[in-house]
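Accompanying notes for the structure given below.
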Amino acid sequence: MQRLRNAPPLYFLGVIVLLFFIGLPTVVSSFQSSEWTQVLIFAIVIMGLNILVGYSGQISLGHGALMAVGAYTSAILIHRYHVDYLLTIPIAGLLTGLVGFVLGIPALRLSALYLALATFALAVVAPSLIKRPVQLTGGVQGILLTPPDPPQFAKDGFAAVTGGLGMTSDQWMYYVSLVLALSLFWLAWNIVRHRPGRAMRAIRDREVAAAASGINVAAYKTMAFGISAFYAGIGGALYGLSIGFVSPDTFPLALSFQLLVGAVIGGLASITGPLVGGIFTFWLPIVSSQFVASQPWIPAGIAAAFKNAGPQVSYGALLIVIMIFAPNGVVGLVTVGYARLQARLRGAGDRGSGQMPSDPQTV
Amino acid sequence: MQEFIQQVVSGIASGGIFASLALALVLIYNAMGLVNFAQGEMAMFATFIAYTLISHGVNYFIAFPLTLGLAFIGGVLIERAVIRPVERAPVLTLVIVTLGLATLINGAAGFLFGYTPNYFSSPFSAHTVNILGAFASYQDLSVIAVSGIVLVAIYLLLQRTTLGLTLRAAAHHPEASRLLGVRVSWMLALGWGLASAVGAVSGIMVAPILLLEPNMMQTIIIYAFAAAVLGGIDSPLGAVVGGLIVGVTVNLVGAYVVGGDLELAVALAIIIGVLVIKPNGLFGRAAARNV
């Protein structure tokens, strides 16, 4: 009880967010649940990307391609080998992690700039590479997946909470994604707080100094790539399962780009950033194309222009503005704002006394 | 054999296009150590300007230099507005900003000009002429000629004029140049303008071959990356040689080995192969790193 009373307000915020996500499908429609499933999937992949970009200082513009590896692994296992779909998710994660680990080896020799270049090319080429082995991947058509049926205990539980409503497969996939997102966020939190996280940040900030302090730079850099790809693989497998098909054009360059935007907007090198980023990445195109157009108070001309311009313009403009004015993203802004507010509330007297400096700009 | 020569000639023509765009990348890399991911989109936008001018009845040979001038101004403005605030930021920030720029320009072009592919007519006919047993179209020849002229012009500008000397000085020794009275920051803007104009040439040259639409340069930029990396990303000469090699290789490998749909994968293989085996490329200087 004493611990609970002393817990910082952040913990209560966390509990509220958790309750929101657990309760959501019981109050919204099945379709809306499937939308939030996508948010959770984006959050998972962006969390992985954040470990790579935010904590270890490497860059990948090819995470969409890694998601494709995960999604196709899962789809091929289900479709051709009739493996249980839940089992394919960790397999997809591990296999993609392995691919990422292997990719990380040449990446060791590359500076951030060259790495960006190579992974960008990978993202562009990925769809045509996937189309080639038609026997395996189904070519342009891709692979159709039947939506998984919720197991009995989940149906019973859902009916008990909602008063007899049946659980759809969309709602079930939401909970599968939620459980995985929670465990993967917990895992990431543990990684970055402990030895590997400290090592990665040391490498990011000053590689030579890190090496001189006995950190195995090569091992940690490839490990970051592997972990990041593991997240992308799990996210990819969930993505395929939740939308019901995988095809080469499900994973275009734009997807890789959206993921990076999400990571940056949410805030690099933070644990809550990817969740904010996931929400942003998924909702921004929808808001810009539908929400604005449907609001009566926005002049028709502006609304139409907004709709026609599509999400691309907003993505690009937001990305530039955030990089210039708030390189630590939304979470960075909130943290700084909260710290200022607290300093103001405590009075001017102890300003600058024993305060830790806020996190330096990480990117 | 004749078909082989044919493939080489058309490879050289596309190589000229890749070389122009790669040269634009090299110009910006030399100015500030950054690969501009928006280079292709900037070229695409300039091509749309040329298209609009021509479809309003402006003669091709007037629209061409006019577009290059506008592209130059556009490049300078972009540098002032978007790049200058993050000039001294880490390279990761710069990369993300140019990616944002690429998306922004792509979306803006789709918004302004639409996503339907436009037929961009070239004043050079597609009729072929027989040179030493190989047939080359006038269009291919004009692409080779124009690219050649642009590359020579850039070479002369950088190596034989005071402006070129100042540009290079500002890029290599910003501090010393500033002490000597060079306005380094404006030199960066000039470099962006120059790169934007050179890139526009590649866009206008490629538009009659592909169809003009906002995603036109998305594949070309990959070939240009491959060309720049192969030649050594800080070497203008390397960009040209790299462009030609990439053009011919991609054409030949696409025709005889892997098939047209995997031509892009050849570019990816070149990029990764060069970066892993010889990161400085054919003509690049070995990079020194401050620790």
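Just remember, in the structure tokens the first chain shown is A, the second B, etc., residues are 1-based per chain, and ligands are 1-based in the order shown.
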
**OP:** Give me the residues within 10 Å of Pro252 of chain A as a count of residues only, counting only C-alpha atoms and dropping any in the same chain fewer than 3 places off.
**Re:** 14

Would you give me, as a tab-separated table, each residue of chain B having an atom within 6 Å of an atom of chain A, along with its shortest atom pair and that distance in Å to one decimal, using only C-alpha atoms and sorting by chain and residue number?
```
residue	atom	partner	partner_atom	distance
B:Thr93	CA	A:Val363	CA	5.8
B:Val97	CA	A:Ile320	CA	5.2
B:Gly100	CA	A:Gly316	CA	4.0
B:Leu101	CA	A:Gly316	CA	5.8
B:Thr103	CA	A:Gly316	CA	5.0
B:Leu104	CA	A:Gly316	CA	4.3
B:Gly107	CA	A:Gln312	CA	4.8
B:Phe111	CA	A:Ala309	CA	4.8
B:Ala265	CA	A:Val125	CA	5.8
B:Leu268	CA	A:Ala121	CA	5.8
```

Write down as a compact mmCIF listing (two decimals) with N, CA and C atoms, in the first residue's frame the residues of segment 222-291 of chain A whose backbone DSSP state falls under alpha helix (DSSP H).
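What landed in selection-v4.txt:
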```txt
# COMPACT_ATOMS: atom_id res chain seq x y z
N THR A 222 24.70 -6.01 -34.15
CA THR A 222 23.96 -7.05 -34.86
C THR A 222 22.80 -7.54 -34.00
N MET A 223 23.00 -7.57 -32.68
CA MET A 223 21.92 -8.00 -31.81
C MET A 223 20.73 -7.04 -31.92
N ALA A 224 21.05 -5.73 -31.98
CA ALA A 224 19.97 -4.75 -32.11
C ALA A 224 19.19 -5.00 -33.40
N PHE A 225 19.91 -5.30 -34.46
CA PHE A 225 19.25 -5.59 -35.72
C PHE A 225 18.37 -6.82 -35.60
N GLY A 226 18.90 -7.86 -34.95
CA GLY A 226 18.15 -9.09 -34.78
C GLY A 226 16.87 -8.88 -33.97
N ILE A 227 17.00 -8.19 -32.83
CA ILE A 227 15.83 -7.95 -31.98
C ILE A 227 14.79 -7.15 -32.74
N SER A 228 15.28 -6.12 -33.43
CA SER A 228 14.38 -5.25 -34.17
C SER A 228 13.62 -6.04 -35.23
N ALA A 229 14.33 -6.93 -35.93
CA ALA A 229 13.69 -7.74 -36.96
C ALA A 229 12.71 -8.73 -36.34
N PHE A 230 13.04 -9.24 -35.14
CA PHE A 230 12.14 -10.14 -34.43
C PHE A 230 10.79 -9.47 -34.20
N TYR A 231 10.83 -8.22 -33.74
CA TYR A 231 9.59 -7.46 -33.54
C TYR A 231 8.85 -7.29 -34.86
N ALA A 232 9.61 -6.95 -35.92
CA ALA A 232 8.97 -6.73 -37.22
C ALA A 232 8.33 -8.02 -37.72
N GLY A 233 8.99 -9.16 -37.47
CA GLY A 233 8.46 -10.44 -37.92
C GLY A 233 7.16 -10.77 -37.22
N ILE A 234 7.13 -10.57 -35.90
CA ILE A 234 5.90 -10.84 -35.16
C ILE A 234 4.80 -9.91 -35.63
N GLY A 235 5.15 -8.63 -35.79
CA GLY A 235 4.17 -7.67 -36.29
C GLY A 235 3.67 -8.07 -37.66
N GLY A 236 4.58 -8.51 -38.53
CA GLY A 236 4.18 -8.90 -39.88
C GLY A 236 3.23 -10.08 -39.87
N ALA A 237 3.55 -11.10 -39.04
CA ALA A 237 2.68 -12.27 -38.96
C ALA A 237 1.28 -11.87 -38.49
N LEU A 238 1.23 -11.02 -37.47
CA LEU A 238 -0.08 -10.55 -36.97
C LEU A 238 -0.82 -9.76 -38.03
N TYR A 239 -0.05 -8.97 -38.78
CA TYR A 239 -0.64 -8.12 -39.82
C TYR A 239 -1.35 -8.99 -40.86
N GLY A 240 -0.65 -10.03 -41.33
CA GLY A 240 -1.24 -10.93 -42.32
C GLY A 240 -2.48 -11.61 -41.78
N LEU A 241 -2.37 -12.11 -40.52
CA LEU A 241 -3.51 -12.81 -39.92
C LEU A 241 -4.70 -11.90 -39.75
N SER A 242 -4.43 -10.64 -39.37
CA SER A 242 -5.56 -9.77 -39.05
C SER A 242 -6.24 -9.24 -40.31
N ILE A 243 -5.48 -9.01 -41.41
CA ILE A 243 -6.18 -8.53 -42.60
C ILE A 243 -6.61 -9.68 -43.50
N LEU A 253 7.10 0.38 -50.27
CA LEU A 253 8.06 1.29 -49.66
C LEU A 253 7.35 2.21 -48.66
N ALA A 254 6.13 2.62 -49.03
CA ALA A 254 5.40 3.56 -48.18
C ALA A 254 5.23 3.01 -46.76
N LEU A 255 5.07 1.67 -46.63
CA LEU A 255 4.89 1.08 -45.31
C LEU A 255 6.15 1.28 -44.47
N SER A 256 7.30 0.96 -45.06
CA SER A 256 8.57 1.15 -44.34
C SER A 256 8.68 2.58 -43.87
N PHE A 257 8.24 3.47 -44.74
CA PHE A 257 8.36 4.88 -44.46
C PHE A 257 7.42 5.29 -43.32
N GLN A 258 6.16 4.78 -43.39
CA GLN A 258 5.20 5.06 -42.32
C GLN A 258 5.75 4.64 -40.97
N LEU A 259 6.42 3.48 -40.95
CA LEU A 259 6.94 2.97 -39.69
C LEU A 259 7.98 3.92 -39.12
N LEU A 260 8.87 4.41 -40.00
CA LEU A 260 9.89 5.33 -39.53
C LEU A 260 9.25 6.62 -39.03
N VAL A 261 8.25 7.11 -39.77
CA VAL A 261 7.54 8.32 -39.35
C VAL A 261 6.95 8.09 -37.96
N GLY A 262 6.33 6.92 -37.77
CA GLY A 262 5.73 6.61 -36.48
C GLY A 262 6.76 6.64 -35.37
N ALA A 263 7.92 6.03 -35.63
CA ALA A 263 8.96 6.00 -34.61
C ALA A 263 9.41 7.40 -34.25
N VAL A 264 9.57 8.25 -35.27
CA VAL A 264 10.07 9.60 -35.04
C VAL A 264 9.01 10.47 -34.35
N ILE A 265 7.77 10.35 -34.81
CA ILE A 265 6.72 11.19 -34.23
C ILE A 265 6.46 10.82 -32.78
N GLY A 266 6.43 9.52 -32.50
CA GLY A 266 6.19 9.09 -31.13
C GLY A 266 7.32 9.54 -30.22
N GLY A 273 6.89 6.00 -26.65
CA GLY A 273 6.87 6.59 -27.98
C GLY A 273 6.23 5.71 -29.03
N PRO A 274 6.64 4.41 -29.12
CA PRO A 274 6.08 3.56 -30.17
C PRO A 274 4.55 3.42 -30.12
N LEU A 275 3.98 3.45 -28.92
CA LEU A 275 2.52 3.35 -28.83
C LEU A 275 1.87 4.59 -29.46
N VAL A 276 2.40 5.76 -29.06
CA VAL A 276 1.92 7.01 -29.66
C VAL A 276 2.14 6.95 -31.17
N GLY A 277 3.33 6.48 -31.57
CA GLY A 277 3.65 6.38 -32.99
C GLY A 277 2.70 5.47 -33.73
N GLY A 278 2.35 4.33 -33.09
CA GLY A 278 1.43 3.39 -33.73
C GLY A 278 0.07 4.02 -33.95
N ILE A 279 -0.41 4.73 -32.92
CA ILE A 279 -1.71 5.39 -33.05
C ILE A 279 -1.66 6.41 -34.19
N PHE A 280 -0.58 7.18 -34.21
CA PHE A 280 -0.41 8.20 -35.22
C PHE A 280 -0.34 7.62 -36.63
N THR A 281 0.51 6.60 -36.77
CA THR A 281 0.74 6.02 -38.09
C THR A 281 -0.54 5.48 -38.68
N PHE A 282 -1.34 4.85 -37.82
CA PHE A 282 -2.56 4.26 -38.36
C PHE A 282 -3.62 5.31 -38.62
N TRP A 283 -3.79 6.25 -37.69
CA TRP A 283 -4.93 7.16 -37.80
C TRP A 283 -4.69 8.35 -38.70
N LEU A 284 -3.43 8.74 -38.88
CA LEU A 284 -3.19 9.95 -39.67
C LEU A 284 -3.79 9.90 -41.08
N PRO A 285 -3.55 8.81 -41.86
CA PRO A 285 -4.13 8.79 -43.21
C PRO A 285 -5.66 8.82 -43.17
N ILE A 286 -6.23 8.13 -42.18
CA ILE A 286 -7.69 8.08 -42.10
C ILE A 286 -8.25 9.43 -41.72
```

**OP:** Write out as a VMD selection string each polymer residue whose atoms come within 8 Å of Phe37 of chain B, counting only C-alpha atoms; drop sequence neighbours fewer than 6 positions from it.
**Re:** chain B and resid 95 98 to 99 102

**OP:** Name the closest residue to Ala197 of chain B among the candidates B:Val35, B:Leu275, B:Val246, B:Ile154; distances are taken between atoms, counting only C-alpha atoms.
**Re:** B:Ile154

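Here atom CA of Ile144 of chain B and atom CA of Gly16 of chain B stand 5.7 Å from one another.
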
Subject >> Pick from A:Pro296, A:Pro25, A:Gly142, A:Gly100, whichever lies nearest to Val161 of chain A using only C-alpha atoms >> reply: A:Pro25

Subject >> Distance in Å - atom CA of Val274 of chain B versus atom CA of Leu94 of chain A >> reply: 29.0 Å

Original post:
Neighbours of Pro117 of chain B within 8 Å (only C-alpha atoms; same-chain residues fewer than 4 positions away dropped), as a ChimeraX atom specification?
Top reply: /B:211-213
